[in-house]
>>> print(open('entry.txt').read())   # compact mmCIF, C-alpha atoms
# COMPACT_ATOMS: atom_id res chain seq x y z
CA MET A 1 33.91 27.12 -30.71
CA ASN A 2 30.40 27.65 -29.40
CA ASP A 3 27.16 26.04 -30.58
CA ASN A 4 25.36 29.35 -30.11
CA TYR A 5 26.58 30.75 -33.44
CA ILE A 6 25.53 27.79 -35.60
CA ILE A 7 23.00 27.89 -38.43
CA PRO A 8 21.69 24.35 -39.05
CA LEU A 9 21.68 23.77 -42.81
CA ASN A 10 20.00 20.36 -42.66
CA GLY A 11 16.29 20.72 -42.13
CA LEU A 12 16.28 24.49 -42.65
CA ALA A 13 12.84 25.35 -44.00
CA SER A 14 12.39 27.34 -47.21
CA GLY A 15 11.68 30.99 -46.62
CA LYS A 16 13.09 33.14 -43.85
CA SER A 17 14.42 31.97 -40.50
CA SER A 18 15.75 34.18 -37.72
CA PHE A 19 18.41 33.63 -35.08
CA PHE A 20 19.30 35.88 -32.14
CA TRP A 21 22.60 35.64 -30.26
CA HIS A 22 24.59 37.57 -27.68
CA ALA A 23 28.38 37.91 -27.74
CA GLY A 24 30.30 39.03 -24.68
CA LYS A 25 33.83 38.87 -23.36
CA GLU A 26 33.80 35.05 -23.42
CA PHE A 27 33.20 35.09 -27.18
CA PHE A 28 36.39 37.09 -27.81
CA ASP A 29 38.34 35.08 -25.22
CA GLY A 30 37.58 32.01 -27.36
CA PHE A 31 39.54 33.64 -30.18
CA GLU A 32 42.38 34.50 -27.78
CA ASN A 33 41.79 38.19 -28.49
CA ASP A 34 43.37 40.29 -25.78
CA GLU A 35 42.58 43.63 -27.47
CA ILE A 36 38.86 43.45 -26.75
CA ARG A 37 38.55 43.60 -22.97
CA ASP A 38 34.76 43.40 -22.79
CA ALA A 39 31.79 43.31 -25.12
CA GLY A 40 28.04 43.52 -25.18
CA LEU A 41 26.84 42.67 -28.67
CA GLU A 42 23.43 41.66 -29.92
CA ILE A 43 23.45 39.66 -33.15
CA GLU A 44 20.38 39.21 -35.31
CA VAL A 45 20.65 36.81 -38.24
CA THR A 46 18.07 36.34 -40.98
CA VAL A 47 18.54 33.35 -43.28
CA GLU A 48 16.62 33.13 -46.53
CA LYS A 49 16.49 29.75 -48.23
CA SER A 50 15.09 29.22 -51.71
CA GLY A 51 16.05 25.98 -53.44
CA ARG A 52 19.85 25.85 -53.29
CA TYR A 53 20.13 29.59 -52.64
CA LEU A 54 21.00 30.53 -49.09
CA GLY A 55 21.30 34.22 -48.16
CA VAL A 56 22.46 35.23 -44.70
CA ASP A 57 21.98 38.77 -43.37
CA CYS A 58 23.58 39.49 -40.02
CA ASP A 59 23.26 42.70 -38.00
CA ILE A 60 25.68 43.22 -35.11
CA ASP A 61 24.94 46.04 -32.65
CA GLY A 62 26.40 46.94 -29.29
CA ASN A 63 29.66 48.02 -27.70
CA VAL A 64 33.16 46.70 -27.15
CA THR A 65 35.71 47.88 -24.62
CA VAL A 66 39.29 48.30 -25.82
CA GLU A 67 42.41 50.11 -24.62
CA CYS A 68 42.66 53.79 -25.58
CA ASP A 69 45.68 54.31 -27.85
CA ARG A 70 46.35 57.66 -26.19
CA CYS A 71 45.99 57.17 -22.42
CA LEU A 72 45.81 53.34 -22.16
CA GLU A 73 42.55 53.45 -20.15
CA ASP A 74 39.44 51.53 -21.22
CA VAL A 75 37.35 53.14 -23.92
CA VAL A 76 33.92 51.87 -24.99
CA LEU A 77 33.37 51.91 -28.75
CA PRO A 78 30.09 51.35 -30.56
CA VAL A 79 29.74 48.50 -33.05
CA ASP A 80 27.19 48.66 -35.84
CA ALA A 81 28.02 46.13 -38.55
CA HIS A 82 25.98 44.51 -41.30
CA VAL A 83 27.09 41.27 -42.93
CA ALA A 84 25.52 40.04 -46.17
CA LEU A 85 26.54 36.55 -47.27
CA SER A 86 25.63 34.16 -50.07
CA VAL A 87 26.31 30.56 -49.13
CA LYS A 88 27.40 28.29 -51.97
CA TYR A 89 27.82 24.54 -51.78
CA GLY A 90 30.93 22.90 -53.19
CA GLU A 91 34.55 23.81 -53.73
CA GLU A 92 35.77 27.38 -53.97
CA SER A 93 36.17 28.40 -57.61
CA GLU A 94 39.61 28.93 -59.14
CA SER A 95 38.62 32.44 -60.26
CA GLY A 96 38.74 33.56 -56.65
CA ASP A 97 35.50 35.51 -57.06
CA HIS A 98 34.26 36.13 -53.53
CA GLN A 99 31.60 38.76 -54.26
CA GLU A 100 28.11 38.41 -55.63
CA GLY A 101 26.73 41.92 -55.95
CA ASP A 102 26.97 43.39 -52.46
CA ARG A 103 27.18 39.94 -50.84
CA GLU A 104 30.32 38.08 -49.82
CA ILE A 105 30.36 34.46 -51.00
CA VAL A 106 31.03 31.74 -48.43
CA PHE A 107 31.65 28.19 -49.63
CA VAL A 108 30.61 25.13 -47.61
CA ALA A 109 31.03 21.42 -48.36
CA GLU A 110 28.18 19.68 -50.21
CA ASP A 111 27.48 17.53 -47.15
CA ALA A 112 27.80 20.34 -44.57
CA ALA A 113 25.17 20.10 -41.86
CA GLU A 114 25.75 23.53 -40.33
CA LEU A 115 27.24 26.94 -40.90
CA ASP A 116 29.35 28.28 -38.03
CA MET A 117 28.98 32.08 -37.96
CA ALA A 118 31.42 32.66 -35.07
CA GLN A 119 34.45 33.47 -37.27
CA VAL A 120 32.37 35.74 -39.51
CA ILE A 121 30.98 37.64 -36.51
CA TYR A 122 34.44 37.98 -34.98
CA ASP A 123 35.99 39.23 -38.23
CA TYR A 124 33.31 41.83 -38.90
CA VAL A 125 33.37 43.17 -35.34
CA CYS A 126 37.16 43.58 -35.51
CA LEU A 127 36.91 45.23 -38.94
CA SER A 128 34.25 47.66 -37.69
CA LEU A 129 36.58 49.12 -35.05
CA PRO A 130 38.42 52.33 -35.95
CA MET A 131 42.16 52.30 -36.61
CA GLN A 132 42.71 54.81 -33.82
CA ARG A 133 40.89 53.79 -30.68
CA VAL A 134 40.79 56.88 -28.51
CA HIS A 135 38.46 58.66 -26.11
CA GLU A 136 36.48 61.68 -27.19
CA PRO A 137 38.44 64.96 -26.76
CA GLY A 138 38.79 65.81 -23.08
CA GLN A 139 37.90 62.31 -21.86
CA CYS A 140 41.39 60.77 -21.62
CA ASN A 141 43.04 60.21 -18.25
CA PRO A 142 44.58 63.60 -17.33
CA GLU A 143 47.46 61.91 -15.45
CA ALA A 144 48.51 60.09 -18.63
CA MET A 145 47.97 63.15 -20.81
CA LYS A 146 50.41 65.30 -18.85
CA TYR A 147 53.26 63.19 -20.28
CA PHE A 148 52.41 64.39 -23.79
CA GLY A 149 53.78 67.84 -23.02
CA ALA A 150 50.58 69.80 -23.50
CA PRO A 151 47.59 68.93 -21.32
CA GLU A 152 44.45 67.97 -23.18
CA ARG A 153 41.94 70.78 -22.99
CA GLN A 154 38.49 69.95 -21.68
CA ASP A 155 36.76 71.54 -24.68
CA GLY A 156 38.78 69.34 -27.06
CA VAL A 157 40.04 72.35 -29.03
CA ALA A 158 43.79 72.40 -29.38
CA GLU A 159 45.86 75.55 -29.63
CA GLU A 160 47.95 75.83 -32.79
CA ASP A 161 51.10 75.40 -30.70
CA ASP A 162 49.66 72.25 -29.11
CA LEU A 163 49.52 70.60 -32.54
CA ASN A 164 52.95 71.75 -33.70
CA PRO A 165 55.72 69.39 -32.57
CA PHE A 166 58.31 72.16 -33.13
CA ALA A 167 56.52 74.75 -30.95
CA ALA A 168 58.99 74.20 -28.11
CA LEU A 169 61.83 75.42 -30.39
CA LYS A 170 60.25 78.78 -31.26
CA ASP A 171 61.96 80.68 -28.44
CA MET A 172 65.32 78.98 -28.91
CA PHE A 173 67.15 81.88 -30.60
CA ARG A 174 65.83 84.80 -28.51
>>> encode(input="entry.txt", output="C-alpha cells")
Amino acid sequence: MNDNYIIPLNGLASGKSSFFWHAGKEFFDGFENDEIRDAGLEIEVTVEKSGRYLGVDCDIDGNVTVECDRCLEDVVLPVDAHVALSVKYGEESESGDHQEGDREIVFVAEDAAELDMAQVIYDYVCLSLPMQRVHEPGQCNPEAMKYFGAPERQDGVAEEDDLNPFAALKDMFR
C-alpha cells in the first residue's frame, strides 16, 4: 500500500508518539474503491506504548465526495471518525474476543516491525458514511428530480401527497 500509514513498532519509544497523515483520492484508488470519488481527510494518530501495551487512538476528520443516491450528482459528506485500538502481539485467540473495553483488539506477529494503518483507516471511513448518501433537501439536481414525479421543493418540506406513492390514484374514480 503506502508507507505513509505505517507505525514503526521497532524502536518506538515508551510514552506517547504522534503521527499526522493526509488521505485523498489516491488513497481510495489504492483500494480500488470507485464509490468515493474524492477525499480530503486529515488523520491524527496517537500511539501510547507502555511495556508490551500498545494503544492506538486515531482521529479522522474531513470530507469525502460520493454519488448522491437520489440524483446521481456528486455530494460532499463529512467524516468524523475515532478509532481506538489495542495492539496485541501473537496469534489471535480462539475465543474470538476482539474487544477490550471500548477498544478494538488488533493482533500482530511477535516479530512484526510495523503496523500498517491503511486498512483500518479505509474501513472506518467507509463505516462512517451514511447508508443513504443524498444531498440536503432542495440541493439535488432539479433535472434529475423531475423524473421522480413530484419536483423537490426548495424548502425541503414535502406535501403529504408528495410522500404518498398512491396519491396519483386518488382521482381515479371521479
>>> residues_around(input="entry.txt", residues="Glu44 in chain A", least_positions_apart="2", cutoff="7 Å", atoms="all atoms listed in the file", output="PyMOL selection string")
chain A and resi 19-21+42+46+58-60
>>> atom_distance(input="entry.txt", atom1="CA of Tyr5 in chain A", atom2="CA of Glu35 in chain A")
21.4 Å
>>> residues_around(input="entry.txt", residues="Tyr124 in chain A", least_positions_apart="3", cutoff="10 Å", atoms="only C-alpha atoms", output="PyMOL selection string")
chain A and resi 60+79-83+119-121+127-129
>>> residues_around(input="entry.txt", residues="Asp38 in chain A", least_positions_apart="6", cutoff="8 Å", atoms="all atoms listed in the file", output="PyMOL selection string")
chain A and resi 24-25+64-66
>>> residues_around(input="entry.txt", residues="Arg133 in chain A", least_positions_apart="5", cutoff="10 Å", atoms="only C-alpha atoms", output="list of chain:residue names")
A:Thr65, A:Val66, A:Glu67, A:Cys68, A:Asp69, A:Arg70, A:Leu72, A:Asp74, A:Val75, A:Val76, A:Leu77
>>> atom_distance(input="entry.txt", atom1="CA of Leu41 in chain A", atom2="CA of Ala23 in chain A")
5.1 Å
>>> atom_distance(input="entry.txt", atom1="CA of Leu9 in chain A", atom2="CA of Leu115 in chain A")
6.7 Å
>>> closest_residue(input="entry.txt", among="A:Glu73, A:Glu91, A:Asp102, A:Glu48", to="Leu12 in chain A", atoms="all atoms listed in the file")
A:Glu48
>>> closest_residue(input="entry.txt", among="A:Cys71, A:Phe166, A:Asp171, A:Gly101", to="Glu143 in chain A", atoms="only C-alpha atoms")
A:Cys71
>>> closest_residue(input="entry.txt", among="A:Ala144, A:Leu85, A:Gln132, A:Tyr122", to="Asp29 in chain A", atoms="only C-alpha atoms")
A:Tyr122
>>> residues_near_point(input="entry.txt", point="(24.0, 34.0, -42.7)", cutoff="6 Å", atoms="only C-alpha atoms", output="mmCIF file with C-alpha atoms, keeping the file's coordinate frame")
data_model
loop_
_atom_site.group_PDB
_atom_site.id
_atom_site.type_symbol
_atom_site.label_atom_id
_atom_site.label_comp_id
_atom_site.auth_asym_id
_atom_site.auth_seq_id
_atom_site.Cartn_x
_atom_site.Cartn_y
_atom_site.Cartn_z
ATOM 1 C CA VAL A 47 18.540 33.350 -43.280
ATOM 2 C CA VAL A 56 22.460 35.230 -44.700
ATOM 3 C CA ASP A 57 21.980 38.770 -43.370
ATOM 4 C CA LEU A 85 26.540 36.550 -47.270
#
>>> closest_residue(input="entry.txt", among="A:Met145, A:Gly55, A:Pro137, A:Ala118", to="Glu104 in chain A", atoms="all atoms listed in the file")
A:Gly55
>>> closest_residue(input="entry.txt", among="A:Glu100, A:Arg52, A:Val125, A:Ala168", to="Ile36 in chain A", atoms="all atoms listed in the file")
A:Val125
>>> closest_residue(input="entry.txt", among="A:Cys126, A:Ala167, A:Ile7, A:Ala113", to="Pro78 in chain A", atoms="all atoms listed in the file")
A:Cys126
